[in-house]
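J.: Please see the structure below; I have some questions.
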Amino acid sequence: MRESEPQTAPISPYAAFDHLATMVAVVGIEGQCIFANASFESVLGLSRRNVQRSSVFDWFADSARLRDTVVAVSRNEYSTSRLEALLRRPAGAPGEPLPVHVIVNQMDQSPYVVVELVEIEQQTRQDREERALDQAQVTKELIRNLAHEIKNPLGGIRGAAQLLEMEVESRALTEYTQVIINEADRLQGLVDRLLAPHRKPHVVSDVNIHEVCERVRALILAEFPRGLTVERDYDTSIPDFRGDREQLIQAVLNIAHNAAQALAERIASGDARILLRTRIARQVTLGKQRYRLALDLHIQDNGPGVPESLRDRIFYPLVSGRDGGSGLGLTLAQTFVQQHLGTVECESEPGKTIFRIVIPLP
């Protein structure tokens, strides 16, 4: 007698929708929900079974327009339609209704329609991330070209100054040639720092973010031993991930060091504070890709805040809000984070500045 083969659960014809970053529901003309994807479950905070037991129209603050749109698309009056709406939170859940952009599409040879919801805030964030990536790419090419254009003349200037120094006998003139040589070396160092993140190979290994934070904390406290407290608020359940440990240390250190320098007055008063906080973010979209889990690292300080005139340009190279600053620290931090498929953003007001690093986790 043959043993019976194990039974496998049938695969839903809509299973592919679970891989999308946006909320998707398959809906009948009366609003009955046939399928809701994983993003829909996550945002509503309800199981798929509970979502599918109800009418999709029940989830909207003002469903009349959506109802008319679903009916019109179902009857082939339009092949697709778009509108803005407010998605209700489940009963008892905190928070205001969620503004969403709704796209209703026909399904081939089916009585149902596909309703796709995009969080307006998420769309705005994605647009901002795309602009940041485009800007970073343009900046990288500009830096490469500019650096190479500067390097060759610098070498010639330095060499000519050295030859001139060998010929002159006057001590005063020798001081002038030394100024030329020293300034040429300083500019050479600046060019090398501009090119550094694009030259060094990406050394990948298992990274523990808390080891990174502890290393940064030790370095900051060694430089600022009095008047500054560096607090930790860690989620120790965050798993290791593949990345370049040294790059991440440098990225977090650059941000924390900038914060410490901005806290000069509070350090003198003895109440300066930097907070390193780690959390797990769920269902995060980075660069148009949805990740189930992501590292959410906050570097927060109680300093004067980033000047409003600099907030939109803070990650641009050679932009600094501090006298004597090179304007490269945050540019390098952004580059290193982007090489880990992550993002870094800044929110600032007087007394509270937060740099948020988000990196996908396995």
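By order of appearance in the structure tokens: chains A, B, ..., then residues from 1 within every chain, and ligands from 1 in the order shown.
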Considering only C-alpha atoms, return as a ChimeraX atom specification whatever protein or nucleic-acid residues lie within 8 Å of segment 212-218 of chain A, sequence-local ones (same chain, fewer than 3 positions apart) excluded.
T.: /A:207-209,221-222,230,245,248-249,252-253,256,276
J.: Select, from A:Asn105, A:Leu117, A:Gln289, A:Ala281, the residue with the minimum atom-to-atom distance to Ser79 of chain A, counting only C-alpha atoms.
T.: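 The closest residue to Ser79 of chain A is A:Asn105.
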J.: Quick one: everything within 6 Å of Arg277 of chain A, counting only C-alpha atoms, minus sequence neighbours fewer than 2 positions away in the same chain. Send it as a PyMOL selection string.
T.: chain A and resi 233-234+297-298
J.: Store the residues of this selection in a file with N, CA and C atoms, as a compact mmCIF listing (two decimals), in the first residue's frame.
T.:
```txt
# COMPACT_ATOMS: atom_id res chain seq x y z
N ASP A 233 20.54 53.63 24.93
CA ASP A 233 19.20 53.02 25.03
C ASP A 233 19.13 51.97 23.93
N TYR A 234 19.60 50.76 24.24
CA TYR A 234 19.80 49.73 23.22
C TYR A 234 18.70 48.68 23.26
N LEU A 297 18.61 53.49 14.11
CA LEU A 297 19.59 54.05 15.06
C LEU A 297 19.41 55.56 15.13
N HIS A 298 19.17 56.07 16.35
CA HIS A 298 19.04 57.50 16.57
C HIS A 298 20.27 58.02 17.30
```
J.: Would you pick out the contacts of Ile359 of chain A at 12 Å or less, using only C-alpha atoms, so that residues sharing its chain but fewer than 2 positions from it are not included, and give the list as a ChimeraX atom specification?
T.: /A:207,209,238,240-243,248,278-282,284-287,290-298,334,336-345,356-357,361-362
J.: Rounded to one decimal, what separation in Å do you get between atom CA of His19 of chain A and atom CA of Ala64 of chain A?
T.: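 Atom-to-atom, atom CA of His19 of chain A and atom CA of Ala64 of chain A are spaced 29.5 Å apart.
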J.: Hey, which of A:Ser54, A:Ser47, A:Gln188, A:Gln109 ends up closest to Val27 of chain A? Count only C-alpha atoms.
T.: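 Looking only at the distances to Val27 of chain A, the closest residue turns out to be A:Ser54.
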J.: Give me, as a compact mmCIF listing (two decimals) with C-alpha atoms, in the first residue's frame, all polymer residues having an atom no more than 10 Å from Met107 of chain A, counting only C-alpha atoms and skipping those fewer than 4 positions away in the same chain.
T.:
```txt
# COMPACT_ATOMS: atom_id res chain seq x y z
CA VAL A 26 -8.44 42.60 -4.12
CA VAL A 73 -13.85 50.55 -12.61
CA SER A 74 -15.68 47.23 -12.10
CA SER A 79 -9.51 51.02 -16.54
CA THR A 80 -7.86 52.82 -13.63
CA PRO A 111 -15.03 40.62 -11.57
CA TYR A 112 -12.69 42.06 -8.94
CA VAL A 113 -10.55 45.20 -8.85
CA VAL A 114 -7.15 45.85 -7.27
```
J.: Point out the residue among A:Ala333, A:Val115, A:Val191, A:Ala85 with the least atom-to-atom distance to Val24 of chain A, counting only C-alpha atoms.
T.: A:Val115
J.: Report the distance between atom CA of Arg53 of chain A and atom CA of Cys33 of chain A in Å, rounded to one decimal place.
T.: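 Straight-line distance from atom CA of Arg53 of chain A to atom CA of Cys33 of chain A works out to 7.1 Å.
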J.: Between atom CA of Tyr176 of chain A and atom CA of Ile157 of chain A, what is the distance, to one decimal in Å?
T.: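 One can read the atom CA of Tyr176 of chain A to atom CA of Ile157 of chain A distance as 13.0 Å.
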J.: From the options A:Met166, A:Leu66, A:Leu332, A:Ala25, which residue's atoms come nearest to Val51 of chain A, counting only C-alpha atoms?
T.: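 Between A:Met166, A:Leu66, A:Leu332, A:Ala25, the residue approaching Val51 of chain A most closely is A:Ala25.
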J.: Between A:Glu347, A:Arg158, A:Pro13, A:Asp58, single out the one closest to Asn37 of chain A, counting only C-alpha atoms.
T.: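 Of all the options, A:Pro13 lies closest to Asn37 of chain A.
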J.: For Thr353 of chain A, please output as a PDB file with C-alpha atoms, in the first residue's frame all residues within 10 Å (counting only C-alpha atoms; exclusion window: fewer than 6 positions along the same chain).
T.:
```
ATOM      1  CA  ALA A 259      26.988  66.756  17.851  1.00  0.00           C
ATOM      2  CA  ILE A 274      24.140  62.687  23.470  1.00  0.00           C
ATOM      3  CA  HIS A 298      19.035  57.499  16.570  1.00  0.00           C
ATOM      4  CA  ILE A 299      21.892  59.832  17.507  1.00  0.00           C
ATOM      5  CA  GLN A 300      20.257  62.599  19.531  1.00  0.00           C
ATOM      6  CA  ASP A 301      21.718  65.662  21.232  1.00  0.00           C
ATOM      7  CA  ASN A 302      20.384  68.576  23.276  1.00  0.00           C
ATOM      8  CA  GLY A 303      22.380  71.222  21.416  1.00  0.00           C
ATOM      9  CA  PRO A 304      21.245  74.436  19.702  1.00  0.00           C
ATOM     10  CA  GLY A 305      20.029  72.624  16.586  1.00  0.00           C
ATOM     11  CA  VAL A 306      21.006  72.821  12.930  1.00  0.00           C
ATOM     12  CA  CYS A 346      18.103  64.773  10.245  1.00  0.00           C
ATOM     13  CA  GLU A 347      15.340  66.359  12.304  1.00  0.00           C
TER      14      GLU A 347
END
```
J.: For Ala260 of chain A, please output as a ChimeraX atom specification all residues within 8 Å (counting only C-alpha atoms; exclusion window: fewer than 5 positions along the same chain).
T.: /A:220,224,228,274
